[in-house]
$ cat target.pdb   # PDB, C-alpha atoms and all ligand atoms
ATOM      1  CA  MET A 253     -25.330  15.313 -54.502
ATOM      2  CA  PRO A 254     -25.465  13.032 -51.410
ATOM      3  CA  ASP A 255     -28.579  11.266 -52.709
ATOM      4  CA  LEU A 256     -26.842   9.934 -55.794
ATOM      5  CA  ASP A 257     -24.808   6.754 -55.699
ATOM      6  CA  LEU A 258     -21.155   6.672 -56.570
ATOM      7  CA  ILE A 259     -20.847   4.595 -59.741
ATOM      8  CA  ILE A 260     -17.517   2.967 -60.552
ATOM      9  CA  THR A 261     -16.732   1.692 -64.064
ATOM     10  CA  PRO A 262     -13.547   0.526 -65.806
ATOM     11  CA  LEU A 263     -12.186   2.292 -68.871
ATOM     12  CA  PRO A 264      -9.903  -0.167 -70.686
ATOM     13  CA  ALA A 265      -6.592   1.240 -71.947
ATOM     14  CA  PHE A 266      -3.451  -0.100 -73.604
ATOM     15  CA  LYS A 267      -3.237  -3.880 -73.591
ATOM     16  CA  ASP A 268      -4.729  -4.704 -70.200
ATOM     17  CA  ASN A 269      -4.965  -1.568 -68.032
ATOM     18  CA  TYR A 270      -8.151  -0.379 -66.363
ATOM     19  CA  LEU A 271      -8.605   3.291 -65.566
ATOM     20  CA  TRP A 272     -11.366   3.476 -62.967
ATOM     21  CA  LEU A 273     -13.972   6.151 -63.608
ATOM     22  CA  LEU A 274     -15.927   7.358 -60.570
ATOM     23  CA  VAL A 275     -19.171   9.204 -61.230
ATOM     24  CA  ARG A 276     -21.640  10.903 -58.918
ATOM     25  CA  GLY A 277     -24.345  12.915 -60.659
ATOM     26  CA  ASP A 278     -22.568  14.933 -63.352
ATOM     27  CA  GLU A 279     -19.194  14.931 -61.633
ATOM     28  CA  ALA A 280     -16.367  12.474 -62.162
ATOM     29  CA  ALA A 281     -12.975  11.393 -60.886
ATOM     30  CA  ILE A 282     -10.466   9.061 -62.495
ATOM     31  CA  VAL A 283      -8.062   6.631 -60.861
ATOM     32  CA  ASP A 284      -4.713   5.920 -62.595
ATOM     33  CA  PRO A 285      -5.219   7.633 -65.970
ATOM     34  CA  GLY A 286      -2.306   6.168 -67.914
ATOM     35  CA  ASP A 287      -3.923   7.584 -71.038
ATOM     36  CA  ALA A 288      -6.023  10.776 -71.299
ATOM     37  CA  GLU A 289      -7.905   9.793 -74.463
ATOM     38  CA  PRO A 290     -10.392   7.211 -73.113
ATOM     39  CA  VAL A 291     -11.100   9.517 -70.172
ATOM     40  CA  ILE A 292     -11.827  12.532 -72.392
ATOM     41  CA  GLN A 293     -14.107  10.375 -74.521
ATOM     42  CA  ALA A 294     -16.072   9.096 -71.530
ATOM     43  CA  LEU A 295     -16.391  12.565 -70.000
ATOM     44  CA  GLU A 296     -17.610  14.154 -73.230
ATOM     45  CA  GLN A 297     -19.986  11.371 -74.163
ATOM     46  CA  ARG A 298     -21.600  11.494 -70.749
ATOM     47  CA  LYS A 299     -21.238  15.260 -70.191
ATOM     48  CA  LEU A 300     -19.324  14.858 -66.948
ATOM     49  CA  ARG A 301     -17.099  17.345 -65.181
ATOM     50  CA  LEU A 302     -13.750  15.926 -64.058
ATOM     51  CA  ARG A 303     -13.084  17.030 -60.473
ATOM     52  CA  ALA A 304     -10.224  14.803 -59.345
ATOM     53  CA  ILE A 305      -7.422  12.540 -60.523
ATOM     54  CA  LEU A 306      -6.109   9.852 -58.170
ATOM     55  CA  ALA A 307      -2.740   8.195 -58.769
ATOM     56  CA  THR A 308      -1.555   5.070 -56.941
ATOM     57  CA  HIS A 309       2.062   5.077 -58.203
ATOM     58  CA  HIS A 310       4.399   6.709 -60.689
ATOM     59  CA  HIS A 311       4.417   4.217 -63.591
ATOM     60  CA  ALA A 312       3.511   5.781 -66.943
ATOM     61  CA  ASP A 313       0.646   3.361 -67.603
ATOM     62  CA  HIS A 314      -1.012   4.844 -64.467
ATOM     63  CA  VAL A 315      -0.154   8.553 -64.697
ATOM     64  CA  GLY A 316       0.711   9.157 -68.370
ATOM     65  CA  GLY A 317      -2.544  11.042 -68.993
ATOM     66  CA  ALA A 318      -2.693  12.943 -65.706
ATOM     67  CA  MET A 319      -1.047  16.186 -66.836
ATOM     68  CA  ALA A 320      -3.142  16.501 -70.005
ATOM     69  CA  LEU A 321      -6.362  15.920 -68.016
ATOM     70  CA  LYS A 322      -5.332  18.353 -65.301
ATOM     71  CA  GLN A 323      -4.571  21.067 -67.861
ATOM     72  CA  ARG A 324      -7.766  20.469 -69.781
ATOM     73  CA  TYR A 325     -10.190  20.239 -66.839
ATOM     74  CA  GLY A 326      -8.386  21.861 -63.890
ATOM     75  CA  ALA A 327      -8.955  18.764 -61.755
ATOM     76  CA  ALA A 328      -7.139  18.289 -58.440
ATOM     77  CA  VAL A 329      -4.435  15.613 -58.628
ATOM     78  CA  TYR A 330      -3.827  13.332 -55.649
ATOM     79  CA  GLY A 331      -0.862  10.992 -55.482
ATOM     80  CA  PRO A 332       1.871   9.522 -53.281
ATOM     81  CA  ALA A 333       4.122  12.098 -51.583
ATOM     82  CA  ARG A 334       7.029   9.675 -51.741
ATOM     83  CA  GLU A 335       7.012   9.425 -55.543
ATOM     84  CA  ASN A 336       7.905  11.963 -58.171
ATOM     85  CA  ILE A 337       4.779  12.563 -60.284
ATOM     86  CA  ALA A 338       4.782  15.930 -62.039
ATOM     87  CA  ALA A 339       0.991  16.411 -62.148
ATOM     88  CA  VAL A 340       0.391  15.783 -58.424
ATOM     89  CA  ASP A 341      -0.652  18.885 -56.474
ATOM     90  CA  HIS A 342      -2.031  17.057 -53.405
ATOM     91  CA  PRO A 343       0.796  14.806 -52.159
ATOM     92  CA  LEU A 344      -0.500  12.136 -49.775
ATOM     93  CA  ALA A 345       0.976  10.009 -47.006
ATOM     94  CA  ASN A 346      -0.275   7.061 -45.003
ATOM     95  CA  GLY A 347      -3.333   7.894 -42.901
ATOM     96  CA  ASP A 348      -4.316  10.996 -44.877
ATOM     97  CA  GLN A 349      -7.994  11.402 -45.675
ATOM     98  CA  ILE A 350      -9.350  13.064 -48.769
ATOM     99  CA  GLU A 351     -12.870  13.767 -49.914
ATOM    100  CA  VAL A 352     -13.637  13.220 -53.595
ATOM    101  CA  LEU A 353     -17.170  13.320 -55.041
ATOM    102  CA  ALA A 354     -18.573  13.498 -51.474
ATOM    103  CA  THR A 355     -16.780  10.255 -50.633
ATOM    104  CA  LYS A 356     -14.056   9.949 -48.020
ATOM    105  CA  PHE A 357     -10.940   8.014 -49.019
ATOM    106  CA  GLN A 358      -8.270   6.914 -46.604
ATOM    107  CA  VAL A 359      -4.706   6.659 -47.879
ATOM    108  CA  LEU A 360      -2.765   3.452 -47.160
ATOM    109  CA  ASP A 361       0.952   3.061 -47.811
ATOM    110  CA  ILE A 362       1.441  -0.198 -49.720
ATOM    111  CA  PRO A 363       5.059  -0.194 -51.013
ATOM    112  CA  GLY A 364       6.700  -3.106 -52.836
ATOM    113  CA  HIS A 365       5.794  -2.748 -56.522
ATOM    114  CA  THR A 366       7.124   0.814 -56.267
ATOM    115  CA  ALA A 367       8.687   2.471 -53.220
ATOM    116  CA  GLY A 368       5.870   4.946 -52.534
ATOM    117  CA  HIS A 369       2.813   3.068 -53.854
ATOM    118  CA  ILE A 370      -0.452   4.020 -52.104
ATOM    119  CA  ALA A 371      -4.017   2.724 -52.052
ATOM    120  CA  PHE A 372      -7.265   4.685 -51.701
ATOM    121  CA  PHE A 373      -9.779   3.048 -49.378
ATOM    122  CA  ALA A 374     -13.394   4.219 -49.141
ATOM    123  CA  ALA A 375     -14.797   2.659 -45.956
ATOM    124  CA  GLN A 376     -18.141   4.434 -46.063
ATOM    125  CA  LEU A 377     -19.250   3.041 -49.403
ATOM    126  CA  ASN A 378     -21.545   0.056 -49.241
ATOM    127  CA  PRO A 379     -19.748  -2.205 -50.013
ATOM    128  CA  PRO A 380     -16.413  -0.515 -49.219
ATOM    129  CA  ALA A 381     -13.943  -0.042 -52.076
ATOM    130  CA  VAL A 382     -10.164  -0.034 -52.418
ATOM    131  CA  PHE A 383      -8.130   1.150 -55.387
ATOM    132  CA  CYS A 384      -4.806  -0.649 -55.128
ATOM    133  CA  GLY A 385      -3.057  -0.020 -58.455
ATOM    134  CA  ASP A 386      -0.414  -2.677 -59.156
ATOM    135  CA  THR A 387      -0.021  -4.043 -55.615
ATOM    136  CA  LEU A 388      -2.860  -6.536 -55.237
ATOM    137  CA  PHE A 389      -4.239  -8.153 -58.386
ATOM    138  CA  ALA A 390      -7.048 -10.659 -58.734
ATOM    139  CA  CYS A 391      -5.313 -13.908 -57.739
ATOM    140  CA  GLY A 392      -1.876 -12.275 -57.866
ATOM    141  CA  CYS A 393       0.289  -9.336 -56.864
ATOM    142  CA  GLY A 394       2.559  -6.809 -58.538
ATOM    143  CA  ARG A 395       6.174  -7.424 -59.417
ATOM    144  CA  LEU A 396       8.771  -6.137 -56.978
ATOM    145  CA  PHE A 397      10.369  -3.339 -58.989
ATOM    146  CA  GLU A 398      11.389  -1.112 -56.086
ATOM    147  CA  GLY A 399      10.652  -3.057 -52.922
ATOM    148  CA  THR A 400      11.521  -6.157 -50.942
ATOM    149  CA  PRO A 401       9.394  -9.272 -50.429
ATOM    150  CA  GLU A 402       9.001  -8.203 -46.802
ATOM    151  CA  GLN A 403       7.569  -4.809 -47.792
ATOM    152  CA  MET A 404       5.177  -6.330 -50.318
ATOM    153  CA  LEU A 405       3.972  -8.932 -47.844
ATOM    154  CA  THR A 406       3.332  -6.216 -45.245
ATOM    155  CA  SER A 407       1.392  -4.242 -47.868
ATOM    156  CA  LEU A 408      -0.714  -7.282 -48.788
ATOM    157  CA  ASP A 409      -1.351  -7.868 -45.074
ATOM    158  CA  ARG A 410      -2.690  -4.323 -44.769
ATOM    159  CA  LEU A 411      -5.087  -4.960 -47.633
ATOM    160  CA  ALA A 412      -6.015  -8.372 -46.196
ATOM    161  CA  ALA A 413      -7.110  -6.613 -43.002
ATOM    162  CA  LEU A 414      -9.799  -4.586 -44.822
ATOM    163  CA  PRO A 415     -13.407  -5.818 -44.502
ATOM    164  CA  VAL A 416     -13.927  -9.016 -46.531
ATOM    165  CA  THR A 417     -16.753  -7.348 -48.451
ATOM    166  CA  THR A 418     -14.401  -4.641 -49.780
ATOM    167  CA  ARG A 419     -14.412  -4.445 -53.560
ATOM    168  CA  VAL A 420     -10.902  -4.535 -54.982
ATOM    169  CA  TYR A 421     -10.219  -2.328 -58.011
ATOM    170  CA  CYS A 422      -6.861  -3.312 -59.560
ATOM    171  CA  GLY A 423      -4.879  -1.623 -62.321
ATOM    172  CA  HIS A 424      -4.751  -4.532 -64.771
ATOM    173  CA  GLU A 425      -6.782  -7.412 -66.188
ATOM    174  CA  TYR A 426      -4.336 -10.198 -65.284
ATOM    175  CA  THR A 427      -6.812 -12.560 -63.660
ATOM    176  CA  VAL A 428      -6.826 -15.572 -65.995
ATOM    177  CA  ALA A 429      -3.004 -15.761 -66.202
ATOM    178  CA  ASN A 430      -2.765 -15.279 -62.438
ATOM    179  CA  ILE A 431      -5.231 -18.105 -61.848
ATOM    180  CA  ARG A 432      -3.117 -20.444 -63.984
ATOM    181  CA  PHE A 433      -0.209 -19.792 -61.644
ATOM    182  CA  ALA A 434      -2.392 -20.089 -58.538
ATOM    183  CA  MET A 435      -3.581 -23.505 -59.759
ATOM    184  CA  ALA A 436       0.050 -24.634 -60.026
ATOM    185  CA  VAL A 437       0.579 -23.597 -56.397
ATOM    186  CA  GLU A 438      -2.674 -24.897 -54.932
ATOM    187  CA  PRO A 439      -4.387 -27.318 -57.331
ATOM    188  CA  GLY A 440      -6.652 -28.697 -54.607
ATOM    189  CA  ASN A 441      -8.279 -25.359 -53.706
ATOM    190  CA  ARG A 442     -11.981 -25.744 -54.599
ATOM    191  CA  GLU A 443     -12.764 -22.034 -54.533
ATOM    192  CA  LEU A 444      -9.826 -21.439 -56.841
ATOM    193  CA  GLN A 445     -11.127 -24.074 -59.264
ATOM    194  CA  ALA A 446     -14.528 -22.365 -59.282
ATOM    195  CA  ARG A 447     -12.879 -19.014 -59.831
ATOM    196  CA  ALA A 448     -10.893 -20.380 -62.779
ATOM    197  CA  ALA A 449     -14.132 -21.422 -64.471
ATOM    198  CA  SER A 450     -15.987 -18.179 -63.800
ATOM    199  CA  ALA A 451     -13.080 -15.879 -64.755
ATOM    200  CA  THR A 452     -12.523 -17.745 -68.019
ATOM    201  CA  ALA A 453     -16.234 -17.447 -68.835
ATOM    202  CA  MET A 454     -16.231 -13.714 -68.050
ATOM    203  CA  ARG A 455     -13.269 -13.112 -70.359
ATOM    204  CA  ARG A 456     -14.890 -15.157 -73.095
ATOM    205  CA  ARG A 457     -17.899 -12.835 -72.868
ATOM    206  CA  GLY A 458     -15.514  -9.876 -73.044
ATOM    207  CA  GLU A 459     -16.321  -8.788 -69.475
ATOM    208  CA  PRO A 460     -13.822  -7.502 -66.926
ATOM    209  CA  THR A 461     -13.139  -9.922 -64.064
ATOM    210  CA  LEU A 462     -12.842  -6.942 -61.726
ATOM    211  CA  PRO A 463     -13.618  -5.753 -59.163
ATOM    212  CA  SER A 464     -12.662  -8.628 -56.939
ATOM    213  CA  THR A 465     -13.302  -8.702 -53.195
ATOM    214  CA  ILE A 466     -10.931  -9.064 -50.253
ATOM    215  CA  GLY A 467     -12.854 -12.205 -49.247
ATOM    216  CA  LEU A 468     -12.308 -13.839 -52.642
ATOM    217  CA  GLU A 469      -8.602 -12.940 -52.598
ATOM    218  CA  LEU A 470      -8.174 -14.414 -49.117
ATOM    219  CA  ALA A 471      -9.721 -17.650 -50.386
ATOM    220  CA  THR A 472      -7.928 -17.950 -53.742
ATOM    221  CA  ASN A 473      -4.884 -15.667 -54.072
ATOM    222  CA  PRO A 474      -1.704 -17.608 -53.186
ATOM    223  CA  PHE A 475       0.120 -14.387 -52.293
ATOM    224  CA  MET A 476      -2.558 -13.703 -49.653
ATOM    225  CA  ARG A 477      -2.285 -17.290 -48.380
ATOM    226  CA  CYS A 478       1.325 -17.536 -47.197
ATOM    227  CA  ASP A 479       0.072 -19.047 -43.911
ATOM    228  CA  ASN A 480      -1.704 -21.898 -45.688
ATOM    229  CA  PRO A 481       0.131 -25.237 -45.317
ATOM    230  CA  ALA A 482      -0.475 -26.291 -48.949
ATOM    231  CA  VAL A 483       0.828 -22.947 -50.229
ATOM    232  CA  ARG A 484       3.875 -23.145 -47.960
ATOM    233  CA  ALA A 485       4.622 -26.681 -49.054
ATOM    234  CA  ALA A 486       4.376 -25.762 -52.745
ATOM    235  CA  ALA A 487       6.550 -22.681 -52.297
ATOM    236  CA  SER A 488       9.215 -24.529 -50.366
ATOM    237  CA  GLY A 489       9.251 -27.453 -52.769
ATOM    238  CA  LEU A 490       8.866 -29.793 -49.810
ATOM    239  CA  ALA A 491       6.151 -32.242 -48.874
ATOM    240  CA  THR A 492       5.363 -30.063 -45.868
ATOM    241  CA  GLY A 493       6.072 -26.381 -45.532
ATOM    242  CA  ALA A 494       7.048 -26.674 -41.882
ATOM    243  CA  GLY A 495       9.918 -24.428 -40.937
ATOM    244  CA  PHE A 496       9.631 -22.355 -44.102
ATOM    245  CA  ALA A 497       9.002 -18.803 -42.919
ATOM    246  CA  ARG A 498       6.076 -16.758 -44.137
ATOM    247  CA  VAL A 499       8.198 -14.198 -45.936
ATOM    248  CA  SER A 500      10.310 -16.893 -47.626
ATOM    249  CA  THR A 501       7.069 -18.489 -48.806
ATOM    250  CA  PHE A 502       6.062 -15.191 -50.337
ATOM    251  CA  ALA A 503       9.513 -14.535 -51.848
ATOM    252  CA  ALA A 504       9.745 -18.035 -53.333
ATOM    253  CA  MET A 505       6.309 -17.712 -54.937
ATOM    254  CA  ARG A 506       7.061 -14.260 -56.303
ATOM    255  CA  SER A 507      10.214 -15.439 -58.079
ATOM    256  CA  TRP A 508       8.487 -18.653 -59.208
ATOM    257  CA  LYS A 509       5.748 -16.511 -60.754
ATOM    258  CA  ASP A 510       8.304 -14.194 -62.418
ATOM    259  CA  GLY A 511       9.489 -17.146 -64.501
ATOM    260  CA  PHE A 512       6.098 -18.863 -64.897
ATOM    261  CA  GLN A 513       4.718 -19.264 -68.438
TER     262      GLN A 513
HETATM  263 ZN    ZN B 601       2.997  -0.353 -62.092
HETATM  264 FE    FE B 602       0.664  -0.964 -64.291
END
$ encode --input "target.pdb" --output "structure tokens" --more "lines below"
Ligand code: ZN
Ligand code: FE
Amino acid sequence: MPDLDLIITPLPAFKDNYLWLLVRGDEAAIVDPGDAEPVIQALEQRKLRLRAILATHHHADHVGGAMALKQRYGAAVYGPARENIAAVDHPLANGDQIEVLATKFQVLDIPGHTAGHIAFFAAQLNPPAVFCGDTLFACGCGRLFEGTPEQMLTSLDRLAALPVTTRVYCGHEYTVANIRFAMAVEPGNRELQARAASATAMRRRGEPTLPSTIGLELATNPFMRCDNPAVRAAASGLATGAGFARVSTFAAMRSWKDGFQ
């Protein structure tokens, strides 16, 4: 098994969810199976054995298929200890390490979207990979259903501290809409302009815009750029963002985005 690469592919579900399928040899794991059907199809088509289910948070579009898959395949189910997810038999807390498909994953607490939201970070992959559910999106971040702006900002800071080469596997294809908002915040950001063009082209070809990378998010995601003067100024509605605290910058942008069409 160690000689085979870990291959990560998205299985689209519902309107814009991605369930991430991990495959090594003839064994598989699935991240955030909101629906069992596309997973069963992929496993049967490719004759894979499902060994593990990883859940980032309790929302139905991320765990709705977990119980059916567990019962059908007897896979181990990993998920946040601080959330109530019926299928989970391996509750995880910050700093825990698990091994899935001969790959070590470190658990990071990243609350804000939900109170117990976790991420799975695989440092040893080349490049490294993080599965972050609905916390960090390409050019955006999750809505604050159960957390405060302060919590979400701390969670994004934890993700920002991962190696810049880390591939970012998010739970939804929201990139093009997120970029439209990011352009309203920071119209002069050249890398953002380039990203707008490439993401639009990818969607036109029917391709996923994910995974992203931590480096690309640091350069283009306004929610990861609360220290940037242009972002602060836009969020504060002032010509300069001086005196507007980092967390107020984040909070102002989050509520701006909530009402952004
Ligand atoms: Zn969610
Ligand atoms: Fe979701």
$ residues_around --input "target.pdb" --residues "region 391-400 of chain A" --least-positions-apart "3" --cutoff "6 Å" --atoms "all atoms listed in the file" --output "number ranges by chain"
A: 364-367, 386-388, 403, 430-431, 473
$ resolve_selection --input "target.pdb" --expression "the PyMOL selection byres (((chain A and resi 280-285) around 6) and not hetatm)" --output "list in words"
Leu271, Trp272, Leu273, Leu274, Val275, Glu279, Gly286, Asp287, Arg301, Leu302, Arg303, Ala304, Ile305, Leu306, Ala307, His314, Val315, Gly317 and Ala318 of chain A
$ closest_residue --input "target.pdb" --among "A:Leu353, A:Ala375, A:Val416, A:Leu405" --to "Ser500 (chain A)" --atoms "only C-alpha atoms"
A:Leu405
$ resolve_selection --input "target.pdb" --expression "the PyMOL selection byres (((chain A and resi 461) around 12) and not hetatm)" --output "NGL selection string"
:A and (262 or 268 or 270 or 389-391 or 419-431 or 447-460 or 462-465)
$ atom_distance --input "target.pdb" --atom1 "CA of Gln376 (chain A)" --atom2 "CA of Ile260 (chain A)"
14.6 Å
$ atom_distance --input "target.pdb" --atom1 "CA of Ala354 (chain A)" --atom2 "CA of His309 (chain A)"
23.3 Å
$ axis_aligned_box --input "target.pdb" --around "region 379-396 of chain A" --padding-each-side "5 Å" --output "lines of an AutoDock Vina configuration file"
center_x = -5.5
center_y = -6.4
center_z = -54.3
size_x = 38.5
size_y = 25.1
size_z = 20.2
$ resolve_selection --input "target.pdb" --expression "the PyMOL selection byres (((chain A and resi 474) around 8) and not hetatm)" --output "ChimeraX atom specification"
/A:391-392,434,437-438,472-473,475-478,483
$ closest_residue --input "target.pdb" --among "A:Phe372, A:Phe433, A:Pro401, A:Phe512" --to "Thr418 (chain A)" --atoms "only C-alpha atoms"
A:Phe372
$ residues_near_point --input "target.pdb" --point "(-5.1, 17.6, -67.6)" --cutoff "10 Å" --atoms "all atoms listed in the file" --output "list in words"
Ala288, Ile292, Leu302, Ile305, Gly317, Ala318, Met319, Ala320, Leu321, Lys322, Gln323, Arg324, Tyr325, Gly326, Ala327, Ala328, Val329 and Ala339 of chain A
$ closest_residue --input "target.pdb" --among "A:Leu470, A:Val382, A:Ala446, A:Ala338" --to "Lys356 (chain A)" --atoms "all atoms listed in the file"
A:Val382
$ residues_near_point --input "target.pdb" --point "(-7.6, 17.9, -52.8)" --cutoff "9 Å" --atoms "all atoms listed in the file" --output "PDB file with C-alpha atoms, keeping the file's coordinate frame"
ATOM      1  CA  ALA A 304     -10.224  14.803 -59.345  1.00  0.00           C
ATOM      2  CA  ALA A 328      -7.139  18.289 -58.440  1.00  0.00           C
ATOM      3  CA  VAL A 329      -4.435  15.613 -58.628  1.00  0.00           C
ATOM      4  CA  TYR A 330      -3.827  13.332 -55.649  1.00  0.00           C
ATOM      5  CA  ASP A 341      -0.652  18.885 -56.474  1.00  0.00           C
ATOM      6  CA  HIS A 342      -2.031  17.057 -53.405  1.00  0.00           C
ATOM      7  CA  PRO A 343       0.796  14.806 -52.159  1.00  0.00           C
ATOM      8  CA  ILE A 350      -9.350  13.064 -48.769  1.00  0.00           C
ATOM      9  CA  GLU A 351     -12.870  13.767 -49.914  1.00  0.00           C
ATOM     10  CA  VAL A 352     -13.637  13.220 -53.595  1.00  0.00           C
TER      11      VAL A 352
END
$ closest_residue --input "target.pdb" --among "A:Gly368, A:Gly385, A:Pro380, A:Pro290" --to "ligand ZN 601 (chain B)" --atoms "all atoms listed in the file"
A:Gly385
